[in-house]
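Here is coords.pdb, consisting of PDB, C-alpha atoms and all ligand atoms:
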ATOM      1  CA  MET G   1     -28.262  65.741   1.152  1.00  0.00           C
ATOM      2  CA  GLU G   2     -28.805  69.012   2.896  1.00  0.00           C
ATOM      3  CA  THR G   3     -31.683  70.893   1.306  1.00  0.00           C
ATOM      4  CA  SER G   4     -32.476  73.433   3.959  1.00  0.00           C
ATOM      5  CA  LEU G   5     -31.424  76.473   1.928  1.00  0.00           C
ATOM      6  CA  HIS G   6     -33.820  77.965  -0.586  1.00  0.00           C
ATOM      7  CA  LEU G   7     -32.135  80.455  -2.849  1.00  0.00           C
ATOM      8  CA  TYR G   8     -34.185  82.769  -5.051  1.00  0.00           C
ATOM      9  CA  LEU G   9     -32.436  84.410  -7.994  1.00  0.00           C
ATOM     10  CA  SER G  10     -34.039  87.790  -8.538  1.00  0.00           C
ATOM     11  CA  PRO G  11     -32.992  89.726 -11.644  1.00  0.00           C
ATOM     12  CA  HIS G  12     -33.901  93.069 -10.094  1.00  0.00           C
ATOM     13  CA  LEU G  13     -34.534  94.461  -6.634  1.00  0.00           C
ATOM     14  CA  ASP G  14     -38.202  93.420  -6.339  1.00  0.00           C
ATOM     15  CA  ASP G  15     -38.778  90.431  -8.664  1.00  0.00           C
ATOM     16  CA  ALA G  16     -38.459  87.592  -6.150  1.00  0.00           C
ATOM     17  CA  VAL G  17     -40.759  89.274  -3.634  1.00  0.00           C
ATOM     18  CA  PHE G  18     -43.360  90.287  -6.231  1.00  0.00           C
ATOM     19  CA  SER G  19     -43.344  86.724  -7.584  1.00  0.00           C
ATOM     20  CA  CYS G  20     -42.550  84.434  -4.643  1.00  0.00           C
ATOM     21  CA  GLY G  21     -43.061  86.563  -1.531  1.00  0.00           C
ATOM     22  CA  GLY G  22     -45.804  84.364  -0.095  1.00  0.00           C
ATOM     23  CA  ARG G  23     -43.788  81.181  -0.373  1.00  0.00           C
ATOM     24  CA  ILE G  24     -40.717  82.944   1.026  1.00  0.00           C
ATOM     25  CA  ALA G  25     -42.730  84.160   4.020  1.00  0.00           C
ATOM     26  CA  GLN G  26     -44.067  80.672   4.741  1.00  0.00           C
ATOM     27  CA  GLU G  27     -40.673  79.018   4.347  1.00  0.00           C
ATOM     28  CA  ALA G  28     -38.956  81.506   6.632  1.00  0.00           C
ATOM     29  CA  ARG G  29     -41.718  81.074   9.199  1.00  0.00           C
ATOM     30  CA  GLN G  30     -41.143  77.297   9.100  1.00  0.00           C
ATOM     31  CA  GLY G  31     -37.488  77.874   9.939  1.00  0.00           C
ATOM     32  CA  LEU G  32     -36.041  77.299   6.486  1.00  0.00           C
ATOM     33  CA  ARG G  33     -33.073  79.432   5.486  1.00  0.00           C
ATOM     34  CA  VAL G  34     -34.051  81.656   2.547  1.00  0.00           C
ATOM     35  CA  TRP G  35     -31.662  83.817   0.558  1.00  0.00           C
ATOM     36  CA  VAL G  36     -32.680  86.230  -2.160  1.00  0.00           C
ATOM     37  CA  VAL G  37     -29.809  86.933  -4.522  1.00  0.00           C
ATOM     38  CA  THR G  38     -30.499  90.006  -6.619  1.00  0.00           C
ATOM     39  CA  VAL G  39     -28.298  89.753  -9.664  1.00  0.00           C
ATOM     40  CA  PHE G  40     -28.475  93.231 -11.248  1.00  0.00           C
ATOM     41  CA  ALA G  41     -28.172  95.253  -8.052  1.00  0.00           C
ATOM     42  CA  GLY G  42     -24.998  97.236  -8.761  1.00  0.00           C
ATOM     43  CA  SER G  43     -24.563 101.003  -8.897  1.00  0.00           C
ATOM     44  CA  PRO G  44     -23.347 102.409 -12.228  1.00  0.00           C
ATOM     45  CA  VAL G  45     -20.350 104.699 -12.523  1.00  0.00           C
ATOM     46  CA  GLY G  46     -20.181 107.185 -15.365  1.00  0.00           C
ATOM     47  CA  PRO G  47     -22.900 108.694 -17.488  1.00  0.00           C
ATOM     48  CA  LEU G  48     -26.522 107.549 -17.582  1.00  0.00           C
ATOM     49  CA  SER G  49     -28.635 107.272 -20.704  1.00  0.00           C
ATOM     50  CA  ASP G  50     -31.535 109.686 -21.176  1.00  0.00           C
ATOM     51  CA  TYR G  51     -33.802 106.702 -20.641  1.00  0.00           C
ATOM     52  CA  ALA G  52     -32.187 105.770 -17.308  1.00  0.00           C
ATOM     53  CA  GLN G  53     -32.379 109.409 -16.180  1.00  0.00           C
ATOM     54  CA  MET G  54     -36.054 109.480 -17.095  1.00  0.00           C
ATOM     55  CA  LEU G  55     -36.651 106.311 -15.064  1.00  0.00           C
ATOM     56  CA  HIS G  56     -34.802 107.715 -12.055  1.00  0.00           C
ATOM     57  CA  ALA G  57     -37.053 110.786 -12.204  1.00  0.00           C
ATOM     58  CA  PHE G  58     -40.116 108.563 -12.484  1.00  0.00           C
ATOM     59  CA  TRP G  59     -38.941 106.571  -9.451  1.00  0.00           C
ATOM     60  CA  GLY G  60     -38.282 109.757  -7.469  1.00  0.00           C
ATOM     61  CA  LEU G  61     -34.596 108.836  -7.189  1.00  0.00           C
ATOM     62  CA  THR G  62     -32.794 111.593  -9.114  1.00  0.00           C
ATOM     63  CA  GLU G  63     -30.765 113.084  -6.273  1.00  0.00           C
ATOM     64  CA  VAL G  64     -29.376 109.795  -4.999  1.00  0.00           C
ATOM     65  CA  ASP G  65     -27.603 106.619  -6.056  1.00  0.00           C
ATOM     66  CA  ALA G  66     -30.783 104.943  -7.334  1.00  0.00           C
ATOM     67  CA  PRO G  67     -29.613 101.308  -7.018  1.00  0.00           C
ATOM     68  CA  ALA G  68     -28.364 102.026  -3.469  1.00  0.00           C
ATOM     69  CA  ALA G  69     -31.805 103.355  -2.557  1.00  0.00           C
ATOM     70  CA  ARG G  70     -33.382 100.279  -4.120  1.00  0.00           C
ATOM     71  CA  ARG G  71     -31.026  97.967  -2.194  1.00  0.00           C
ATOM     72  CA  GLU G  72     -32.286  99.659   0.953  1.00  0.00           C
ATOM     73  CA  GLU G  73     -35.891  98.947  -0.104  1.00  0.00           C
ATOM     74  CA  ASP G  74     -34.928  95.317  -0.667  1.00  0.00           C
ATOM     75  CA  ARG G  75     -33.374  94.964   2.791  1.00  0.00           C
ATOM     76  CA  ALA G  76     -36.541  96.350   4.365  1.00  0.00           C
ATOM     77  CA  ALA G  77     -38.782  94.059   2.301  1.00  0.00           C
ATOM     78  CA  LEU G  78     -36.793  90.900   3.007  1.00  0.00           C
ATOM     79  CA  ALA G  79     -36.532  91.723   6.708  1.00  0.00           C
ATOM     80  CA  LEU G  80     -40.334  91.615   6.797  1.00  0.00           C
ATOM     81  CA  LEU G  81     -40.315  88.156   5.211  1.00  0.00           C
ATOM     82  CA  GLY G  82     -37.407  86.765   7.224  1.00  0.00           C
ATOM     83  CA  ALA G  83     -35.128  86.243   4.210  1.00  0.00           C
ATOM     84  CA  GLU G  84     -31.480  87.174   3.727  1.00  0.00           C
ATOM     85  CA  PRO G  85     -30.680  89.751   1.018  1.00  0.00           C
ATOM     86  CA  ILE G  86     -27.620  89.233  -1.173  1.00  0.00           C
ATOM     87  CA  HIS G  87     -26.812  91.889  -3.747  1.00  0.00           C
ATOM     88  CA  TRP G  88     -24.588  91.138  -6.687  1.00  0.00           C
ATOM     89  CA  GLU G  89     -22.768  94.006  -8.373  1.00  0.00           C
ATOM     90  CA  PHE G  90     -23.924  93.435 -11.975  1.00  0.00           C
ATOM     91  CA  LEU G  91     -25.615  96.389 -13.628  1.00  0.00           C
ATOM     92  CA  ASP G  92     -29.255  96.569 -14.653  1.00  0.00           C
ATOM     93  CA  CYS G  93     -29.502  96.571 -18.439  1.00  0.00           C
ATOM     94  CA  ILE G  94     -30.525 100.247 -18.449  1.00  0.00           C
ATOM     95  CA  TYR G  95     -26.999 101.087 -17.244  1.00  0.00           C
ATOM     96  CA  ARG G  96     -24.927  98.690 -19.351  1.00  0.00           C
ATOM     97  CA  ARG G  97     -22.565 100.152 -21.965  1.00  0.00           C
ATOM     98  CA  THR G  98     -20.019  98.926 -24.457  1.00  0.00           C
ATOM     99  CA  PRO G  99     -16.355  99.726 -23.704  1.00  0.00           C
ATOM    100  CA  GLU G 100     -16.786 102.628 -26.157  1.00  0.00           C
ATOM    101  CA  GLY G 101     -19.646 103.970 -24.053  1.00  0.00           C
ATOM    102  CA  ARG G 102     -22.649 103.059 -26.204  1.00  0.00           C
ATOM    103  CA  PHE G 103     -25.717 102.131 -24.168  1.00  0.00           C
ATOM    104  CA  LEU G 104     -26.823  98.557 -24.887  1.00  0.00           C
ATOM    105  CA  TYR G 105     -30.487  99.122 -24.010  1.00  0.00           C
ATOM    106  CA  PRO G 106     -31.169 102.842 -24.558  1.00  0.00           C
ATOM    107  CA  ASN G 107     -34.966 102.814 -24.537  1.00  0.00           C
ATOM    108  CA  TYR G 108     -38.061 100.996 -23.346  1.00  0.00           C
ATOM    109  CA  ASP G 109     -38.426  98.813 -26.442  1.00  0.00           C
ATOM    110  CA  ALA G 110     -34.880  97.486 -26.070  1.00  0.00           C
ATOM    111  CA  LEU G 111     -35.754  95.943 -22.686  1.00  0.00           C
ATOM    112  CA  TRP G 112     -37.977  93.391 -24.397  1.00  0.00           C
ATOM    113  CA  GLY G 113     -35.929  92.831 -27.544  1.00  0.00           C
ATOM    114  CA  PRO G 114     -32.934  90.663 -28.367  1.00  0.00           C
ATOM    115  CA  ILE G 115     -30.178  90.195 -25.801  1.00  0.00           C
ATOM    116  CA  ALA G 116     -27.246  92.317 -26.958  1.00  0.00           C
ATOM    117  CA  GLU G 117     -24.300  90.434 -28.430  1.00  0.00           C
ATOM    118  CA  GLU G 118     -22.102  92.373 -25.979  1.00  0.00           C
ATOM    119  CA  ASP G 119     -23.928  90.646 -23.105  1.00  0.00           C
ATOM    120  CA  ARG G 120     -22.592  87.214 -24.057  1.00  0.00           C
ATOM    121  CA  VAL G 121     -19.621  87.583 -21.692  1.00  0.00           C
ATOM    122  CA  LEU G 122     -21.924  88.760 -18.930  1.00  0.00           C
ATOM    123  CA  GLY G 123     -24.072  85.663 -19.443  1.00  0.00           C
ATOM    124  CA  GLU G 124     -21.014  83.427 -19.060  1.00  0.00           C
ATOM    125  CA  GLU G 125     -19.941  85.266 -15.918  1.00  0.00           C
ATOM    126  CA  LEU G 126     -23.447  84.896 -14.469  1.00  0.00           C
ATOM    127  CA  ALA G 127     -23.429  81.168 -15.142  1.00  0.00           C
ATOM    128  CA  ARG G 128     -20.082  80.877 -13.371  1.00  0.00           C
ATOM    129  CA  ARG G 129     -21.334  82.820 -10.338  1.00  0.00           C
ATOM    130  CA  ILE G 130     -24.580  80.846 -10.144  1.00  0.00           C
ATOM    131  CA  GLY G 131     -22.554  77.639 -10.413  1.00  0.00           C
ATOM    132  CA  GLU G 132     -20.587  78.701  -7.331  1.00  0.00           C
ATOM    133  CA  LEU G 133     -23.676  79.018  -5.132  1.00  0.00           C
ATOM    134  CA  PRO G 134     -23.928  76.372  -2.374  1.00  0.00           C
ATOM    135  CA  PRO G 135     -24.507  73.050  -4.161  1.00  0.00           C
ATOM    136  CA  PHE G 136     -27.107  71.903  -1.642  1.00  0.00           C
ATOM    137  CA  ALA G 137     -29.275  75.006  -2.195  1.00  0.00           C
ATOM    138  CA  GLN G 138     -32.537  74.649  -4.078  1.00  0.00           C
ATOM    139  CA  LEU G 139     -32.436  77.288  -6.829  1.00  0.00           C
ATOM    140  CA  PHE G 140     -35.502  79.297  -7.842  1.00  0.00           C
ATOM    141  CA  VAL G 141     -35.209  81.190 -11.119  1.00  0.00           C
ATOM    142  CA  PRO G 142     -37.473  83.440 -13.198  1.00  0.00           C
ATOM    143  CA  LEU G 143     -39.295  81.949 -16.168  1.00  0.00           C
ATOM    144  CA  GLY G 144     -38.782  85.189 -18.047  1.00  0.00           C
ATOM    145  CA  ALA G 145     -42.487  85.866 -18.510  1.00  0.00           C
ATOM    146  CA  GLY G 146     -42.724  89.280 -20.149  1.00  0.00           C
ATOM    147  CA  ARG G 147     -39.370  88.740 -21.896  1.00  0.00           C
ATOM    148  CA  HIS G 148     -37.323  91.347 -20.009  1.00  0.00           C
ATOM    149  CA  VAL G 149     -33.711  90.876 -21.173  1.00  0.00           C
ATOM    150  CA  ASP G 150     -32.350  90.667 -17.617  1.00  0.00           C
ATOM    151  CA  HIS G 151     -34.885  88.015 -16.653  1.00  0.00           C
ATOM    152  CA  ARG G 152     -33.992  85.964 -19.735  1.00  0.00           C
ATOM    153  CA  LEU G 153     -30.266  86.322 -18.989  1.00  0.00           C
ATOM    154  CA  VAL G 154     -30.708  84.991 -15.453  1.00  0.00           C
ATOM    155  CA  ARG G 155     -32.756  82.023 -16.651  1.00  0.00           C
ATOM    156  CA  GLN G 156     -30.281  81.169 -19.421  1.00  0.00           C
ATOM    157  CA  ALA G 157     -27.302  81.445 -17.075  1.00  0.00           C
ATOM    158  CA  ALA G 158     -28.983  79.262 -14.447  1.00  0.00           C
ATOM    159  CA  GLU G 159     -29.839  76.666 -17.095  1.00  0.00           C
ATOM    160  CA  ALA G 160     -26.236  76.684 -18.318  1.00  0.00           C
ATOM    161  CA  THR G 161     -25.106  75.426 -14.895  1.00  0.00           C
ATOM    162  CA  GLY G 162     -27.035  72.184 -15.404  1.00  0.00           C
ATOM    163  CA  ARG G 163     -28.366  72.370 -11.837  1.00  0.00           C
ATOM    164  CA  PRO G 164     -31.967  71.366 -11.090  1.00  0.00           C
ATOM    165  CA  LEU G 165     -34.161  74.461 -11.080  1.00  0.00           C
ATOM    166  CA  VAL G 166     -37.547  75.567  -9.890  1.00  0.00           C
ATOM    167  CA  TYR G 167     -39.019  78.256 -12.130  1.00  0.00           C
ATOM    168  CA  TYR G 168     -41.222  81.044 -10.834  1.00  0.00           C
ATOM    169  CA  GLU G 169     -43.715  83.212 -12.704  1.00  0.00           C
ATOM    170  CA  ASP G 170     -42.377  86.745 -13.033  1.00  0.00           C
ATOM    171  CA  TYR G 171     -45.065  88.950 -11.542  1.00  0.00           C
ATOM    172  CA  PRO G 172     -46.596  91.351 -12.597  1.00  0.00           C
ATOM    173  CA  TYR G 173     -45.660  90.374 -16.187  1.00  0.00           C
ATOM    174  CA  ALA G 174     -47.075  86.890 -15.604  1.00  0.00           C
ATOM    175  CA  GLY G 175     -50.474  88.450 -14.949  1.00  0.00           C
ATOM    176  CA  GLU G 176     -50.810  89.422 -18.621  1.00  0.00           C
ATOM    177  CA  ALA G 177     -52.651  86.864 -20.713  1.00  0.00           C
ATOM    178  CA  GLY G 178     -50.417  84.369 -22.505  1.00  0.00           C
ATOM    179  CA  ARG G 179     -47.137  85.532 -20.923  1.00  0.00           C
ATOM    180  CA  VAL G 180     -46.439  82.387 -18.901  1.00  0.00           C
ATOM    181  CA  VAL G 181     -47.203  80.045 -21.793  1.00  0.00           C
ATOM    182  CA  GLU G 182     -44.960  82.130 -24.052  1.00  0.00           C
ATOM    183  CA  ALA G 183     -42.109  81.946 -21.524  1.00  0.00           C
ATOM    184  CA  LEU G 184     -42.457  78.198 -20.975  1.00  0.00           C
ATOM    185  CA  GLY G 185     -41.786  77.394 -24.612  1.00  0.00           C
ATOM    186  CA  GLU G 186     -40.779  73.804 -25.263  1.00  0.00           C
ATOM    187  CA  GLY G 187     -41.888  71.305 -22.613  1.00  0.00           C
ATOM    188  CA  PRO G 188     -42.541  68.994 -21.017  1.00  0.00           C
ATOM    189  CA  TRP G 189     -43.301  70.980 -17.883  1.00  0.00           C
ATOM    190  CA  GLU G 190     -44.928  70.215 -14.578  1.00  0.00           C
ATOM    191  CA  SER G 191     -46.431  72.860 -12.338  1.00  0.00           C
ATOM    192  CA  GLU G 192     -47.007  72.972  -8.633  1.00  0.00           C
ATOM    193  CA  ARG G 193     -49.213  75.329  -6.695  1.00  0.00           C
ATOM    194  CA  VAL G 194     -48.094  76.515  -3.296  1.00  0.00           C
ATOM    195  CA  TRP G 195     -51.076  77.521  -1.187  1.00  0.00           C
ATOM    196  CA  LEU G 196     -50.702  80.767   0.688  1.00  0.00           C
ATOM    197  CA  ASP G 197     -52.284  81.343   4.054  1.00  0.00           C
ATOM    198  CA  GLU G 198     -53.638  84.794   4.793  1.00  0.00           C
ATOM    199  CA  GLU G 199     -50.662  85.729   6.932  1.00  0.00           C
ATOM    200  CA  ALA G 200     -48.250  84.892   4.114  1.00  0.00           C
ATOM    201  CA  LEU G 201     -50.183  86.818   1.481  1.00  0.00           C
ATOM    202  CA  LYS G 202     -50.405  89.817   3.798  1.00  0.00           C
ATOM    203  CA  ALA G 203     -46.660  89.599   4.414  1.00  0.00           C
ATOM    204  CA  LYS G 204     -46.043  89.422   0.655  1.00  0.00           C
ATOM    205  CA  VAL G 205     -48.100  92.571   0.076  1.00  0.00           C
ATOM    206  CA  ALA G 206     -46.435  94.383   2.971  1.00  0.00           C
ATOM    207  CA  ALA G 207     -43.002  93.451   1.621  1.00  0.00           C
ATOM    208  CA  ALA G 208     -43.929  94.446  -1.940  1.00  0.00           C
ATOM    209  CA  ARG G 209     -44.962  97.875  -0.675  1.00  0.00           C
ATOM    210  CA  ARG G 210     -41.421  98.429   0.614  1.00  0.00           C
ATOM    211  CA  TYR G 211     -40.249  98.733  -3.012  1.00  0.00           C
ATOM    212  CA  ARG G 212     -41.689 102.221  -2.872  1.00  0.00           C
ATOM    213  CA  SER G 213     -39.807 103.560  -5.901  1.00  0.00           C
ATOM    214  CA  GLN G 214     -41.168 100.797  -8.128  1.00  0.00           C
ATOM    215  CA  ILE G 215     -44.873 100.898  -7.298  1.00  0.00           C
ATOM    216  CA  SER G 216     -45.777 103.606  -9.815  1.00  0.00           C
ATOM    217  CA  SER G 217     -44.229 101.562 -12.656  1.00  0.00           C
ATOM    218  CA  PHE G 218     -46.935  98.930 -12.298  1.00  0.00           C
ATOM    219  CA  TRP G 219     -49.792 100.144 -10.112  1.00  0.00           C
ATOM    220  CA  ALA G 220     -51.795 103.314  -9.473  1.00  0.00           C
ATOM    221  CA  ASP G 221     -50.996 103.274  -5.751  1.00  0.00           C
ATOM    222  CA  GLU G 222     -50.446 100.896  -2.828  1.00  0.00           C
ATOM    223  CA  ALA G 223     -54.119  99.944  -2.608  1.00  0.00           C
ATOM    224  CA  ASP G 224     -54.078  99.050  -6.299  1.00  0.00           C
ATOM    225  CA  LEU G 225     -50.946  96.939  -5.753  1.00  0.00           C
ATOM    226  CA  GLU G 226     -52.661  95.077  -2.929  1.00  0.00           C
ATOM    227  CA  ALA G 227     -55.807  94.468  -5.000  1.00  0.00           C
ATOM    228  CA  HIS G 228     -53.756  93.089  -7.902  1.00  0.00           C
ATOM    229  CA  PHE G 229     -51.683  90.791  -5.673  1.00  0.00           C
ATOM    230  CA  TRP G 230     -54.800  89.297  -4.108  1.00  0.00           C
ATOM    231  CA  ALA G 231     -56.548  88.951  -7.455  1.00  0.00           C
ATOM    232  CA  TYR G 232     -53.592  87.210  -9.115  1.00  0.00           C
ATOM    233  CA  ALA G 233     -53.011  84.841  -6.180  1.00  0.00           C
ATOM    234  CA  THR G 234     -56.687  83.904  -6.220  1.00  0.00           C
ATOM    235  CA  GLU G 235     -56.665  83.443  -9.997  1.00  0.00           C
ATOM    236  CA  VAL G 236     -53.610  81.157  -9.840  1.00  0.00           C
ATOM    237  CA  GLY G 237     -55.228  79.098  -7.079  1.00  0.00           C
ATOM    238  CA  GLU G 238     -58.664  79.139  -8.741  1.00  0.00           C
ATOM    239  CA  GLY G 239     -60.329  80.718  -5.742  1.00  0.00           C
ATOM    240  CA  ARG G 240     -57.780  79.978  -3.066  1.00  0.00           C
ATOM    241  CA  PRO G 241     -54.603  82.145  -2.889  1.00  0.00           C
ATOM    242  CA  ALA G 242     -51.542  80.460  -4.361  1.00  0.00           C
ATOM    243  CA  GLU G 243     -48.294  80.924  -6.243  1.00  0.00           C
ATOM    244  CA  ARG G 244     -47.398  78.617  -9.118  1.00  0.00           C
ATOM    245  CA  TYR G 245     -43.991  77.076  -9.788  1.00  0.00           C
ATOM    246  CA  TRP G 246     -42.716  75.072 -12.744  1.00  0.00           C
ATOM    247  CA  TYR G 247     -40.311  72.149 -13.162  1.00  0.00           C
ATOM    248  CA  ARG G 248     -38.944  70.483 -16.242  1.00  0.00           C
ATOM    249  CA  ARG G 249     -40.262  66.943 -16.319  1.00  0.00           C
ATOM    250  CA  LYS G 250     -37.505  64.364 -16.576  1.00  0.00           C
TER
HETATM  251 ZN    ZN I   1     -37.263  92.527 -13.075  1.00  0.00          ZN
END
If you convert what's in this file into structure tokens, what do you get?
Ligand SMILES: [Zn+2]
Amino acid sequence: METSLHLYLSPHLDDAVFSCGGRIAQEARQGLRVWVVTVFAGSPVGPLSDYAQMLHAFWGLTEVDAPAARREEDRAALALLGAEPIHWEFLDCIYRRTPEGRFLYPNYDALWGPIAEEDRVLGEELARRIGELPPFAQLFVPLGAGRHVDHRLVRQAAEATGRPLVYYEDYPYAGEAGRVVEALGEGPWESERVWLDEEALKAKVAAARRYRSQISSFWADEADLEAHFWAYATEVGEGRPAERYWYRRK
């Protein structure tokens, strides 16, 4: 069986690199084909909620098509790592509306709450699309640490395909105490640490910095981002930089 394609499902334009960028860098360097499929990468048409407008202002992306600018950041980041960007057209939850125009997730709290009933169809469509990905590809999916609705939707849709999955820890949410355990839920689980050499960790940080619009959401500045990435990698590896991945035990 051909297994030379590693395919990372990233809910948003940044998640796979923030979480798995070191592994991606090492795999690409070894000559493996790596694709990063960002699921909610589409540009909305029509009105934006007050909350989405506030976020665009916070990101410094008010005068432009914000998702298009973020897709550009993603291309630059993945070029540094040697991975192929694929952008699906689904909308980030902050843009999703009912046919009548009501926003499904109109504020910050809604991002971490229940998945909207109206998103059931979207979940089925996602499962269909994920099921159509090359059957020989190894799929990497978010655990959903932090409980963001879009992260949970991607995990649920990937699980609905019945394909074997490797789960990654959604960073930076996974850095908060208890978040990974909460996301794991029912076991049994097995974890694997992937050791990162210095070159790979540096590449991960450099790639993460390309998501310029997103840095202020999580870190004070680029130096703070770098310090947190090194600290988390060292914590996961108990002194030696690593990323951790999870499998369901058979
Ligand atoms: Zn995300």
Atom CA of His151 of chain G to atom CA of Ser191 of chain G, distance in Å rounded to a single decimal: 19.5 Å
12 Å shell around ligand ZN 1 (chain I) using only C-alpha atoms and all ligand atoms, listed as a ChimeraX atom specification: /G:9-19,38-41,92-94,111-112,141-155,169-174,214,217-218
Hey, can you spit out that residue selection with C-alpha atoms as a short mmCIF file (atom, residue, chain, number, x, y, z; two decimals), in the frame of the given file?
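Result file follows (part-v7.cif):
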data_model
loop_
_atom_site.label_atom_id
_atom_site.label_comp_id
_atom_site.auth_asym_id
_atom_site.auth_seq_id
_atom_site.Cartn_x
_atom_site.Cartn_y
_atom_site.Cartn_z
CA LEU G 9 -32.44 84.41 -7.99
CA SER G 10 -34.04 87.79 -8.54
CA PRO G 11 -32.99 89.73 -11.64
CA HIS G 12 -33.90 93.07 -10.09
CA LEU G 13 -34.53 94.46 -6.63
CA ASP G 14 -38.20 93.42 -6.34
CA ASP G 15 -38.78 90.43 -8.66
CA ALA G 16 -38.46 87.59 -6.15
CA VAL G 17 -40.76 89.27 -3.63
CA PHE G 18 -43.36 90.29 -6.23
CA SER G 19 -43.34 86.72 -7.58
CA THR G 38 -30.50 90.01 -6.62
CA VAL G 39 -28.30 89.75 -9.66
CA PHE G 40 -28.48 93.23 -11.25
CA ALA G 41 -28.17 95.25 -8.05
CA ASP G 92 -29.26 96.57 -14.65
CA CYS G 93 -29.50 96.57 -18.44
CA ILE G 94 -30.52 100.25 -18.45
CA LEU G 111 -35.75 95.94 -22.69
CA TRP G 112 -37.98 93.39 -24.40
CA VAL G 141 -35.21 81.19 -11.12
CA PRO G 142 -37.47 83.44 -13.20
CA LEU G 143 -39.30 81.95 -16.17
CA GLY G 144 -38.78 85.19 -18.05
CA ALA G 145 -42.49 85.87 -18.51
CA GLY G 146 -42.72 89.28 -20.15
CA ARG G 147 -39.37 88.74 -21.90
CA HIS G 148 -37.32 91.35 -20.01
CA VAL G 149 -33.71 90.88 -21.17
CA ASP G 150 -32.35 90.67 -17.62
CA HIS G 151 -34.88 88.02 -16.65
CA ARG G 152 -33.99 85.96 -19.74
CA LEU G 153 -30.27 86.32 -18.99
CA VAL G 154 -30.71 84.99 -15.45
CA ARG G 155 -32.76 82.02 -16.65
CA GLU G 169 -43.72 83.21 -12.70
CA ASP G 170 -42.38 86.74 -13.03
CA TYR G 171 -45.06 88.95 -11.54
CA PRO G 172 -46.60 91.35 -12.60
CA TYR G 173 -45.66 90.37 -16.19
CA ALA G 174 -47.08 86.89 -15.60
CA GLN G 214 -41.17 100.80 -8.13
CA SER G 217 -44.23 101.56 -12.66
CA PHE G 218 -46.94 98.93 -12.30
#
Contact residues around Glu84 of chain G with all atoms listed in the file at 7 Å, ignoring same-chain residues under 2 positions, as a list in words: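 Listing them by chain and then by number gives Val34, Trp35, Val36, Leu78, Gly82 and Ile86 of chain G.
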Distance criterion (only C-alpha atoms): nearest to Gln30 of chain G out of G:Ala158, G:Leu48, G:Ala127, G:Ala200: G:Ala200
Ground truth for the PyMOL selection byres (((chain G and resi 184) around 10) and not hetatm), written as a PyMOL selection string: chain G and resi 143-145+167+169+179-183+185-189+246+248
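Straight-line separation from atom CA of Glu125 of chain G to atom CA of Gly46 of chain G: 21.9 Å.
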Counting only C-alpha atoms, the option among G:Gly123, G:Gly113, G:Gly60, G:Gly178 closest to Thr161 of chain G: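 Distance minimum relative to Thr161 of chain G lands on G:Gly123.
For the choices G:Pro106, G:Leu5, G:Arg71, G:Arg23, the atom-to-atom distance to Glu198 of chain G is smallest for G:Arg23 when using only C-alpha atoms.
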Within 12 Å of Glu199 of chain G using all atoms listed in the file, minus same-chain residues under 2 positions, as a list in words: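 Result of the neighbour search: Gly21, Gly22, Arg23, Ile24, Ala25, Gln26, Arg29, Leu80, Leu81, Trp195, Leu196, Asp197, Leu201, Lys202, Ala203, Lys204, Val205, Ala206 and Pro241 of chain G.
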Pairwise distance for atom CA of Asp221 of chain G and atom CA of His56 of chain G, rounded to one decimal in Å: 17.9 Å
Running the PyMOL selection byres (((chain G and resi 116) around 10) and not hetatm) on this model by hand, what would come out? Give it as a compact mmCIF listing (two decimals) with C-alpha atoms, in the frame of the given file.
# COMPACT_ATOMS: atom_id res chain seq x y z
CA CYS G 93 -29.50 96.57 -18.44
CA LEU G 104 -26.82 98.56 -24.89
CA TYR G 105 -30.49 99.12 -24.01
CA ALA G 110 -34.88 97.49 -26.07
CA GLY G 113 -35.93 92.83 -27.54
CA PRO G 114 -32.93 90.66 -28.37
CA ILE G 115 -30.18 90.20 -25.80
CA GLU G 117 -24.30 90.43 -28.43
CA GLU G 118 -22.10 92.37 -25.98
CA ASP G 119 -23.93 90.65 -23.10
CA ARG G 120 -22.59 87.21 -24.06
CA VAL G 149 -33.71 90.88 -21.17
Nearest to Gly101 of chain G, chosen from G:Leu32, G:Val166, G:Leu122, G:Val45, with all atoms listed in the file counted in the distances: G:Val45
Return as AutoDock Vina command-line options the centre and edge lengths, in Å with one decimal, of the box along x, y and z that encloses every atom of segment 4-18 of chain G in the file, padded by 5 Å per side.
--center_x -37.4 --center_y 83.9 --center_z -3.8 --size_x 21.9 --size_y 31.0 --size_z 25.6
Picked residues, the PyMOL selection byres (((chain G and resi 244) around 7) and not hetatm), expected as an MDAnalysis selection string: chainID G and resid 168:169 191:194 236 242:243 245:246
Closest of G:Leu55, G:Pro85, G:Leu91, G:Glu226 to Glu73 of chain G - atom-to-atom distances counting only C-alpha atoms: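 Of all the options, G:Pro85 lies closest to Glu73 of chain G.
Among the candidate residues G:Met54, G:Gly162, G:Glu235, G:Cys20, the one lying nearest to Ala177 of chain G is G:Glu235, with distances computed using all atoms listed in the file.
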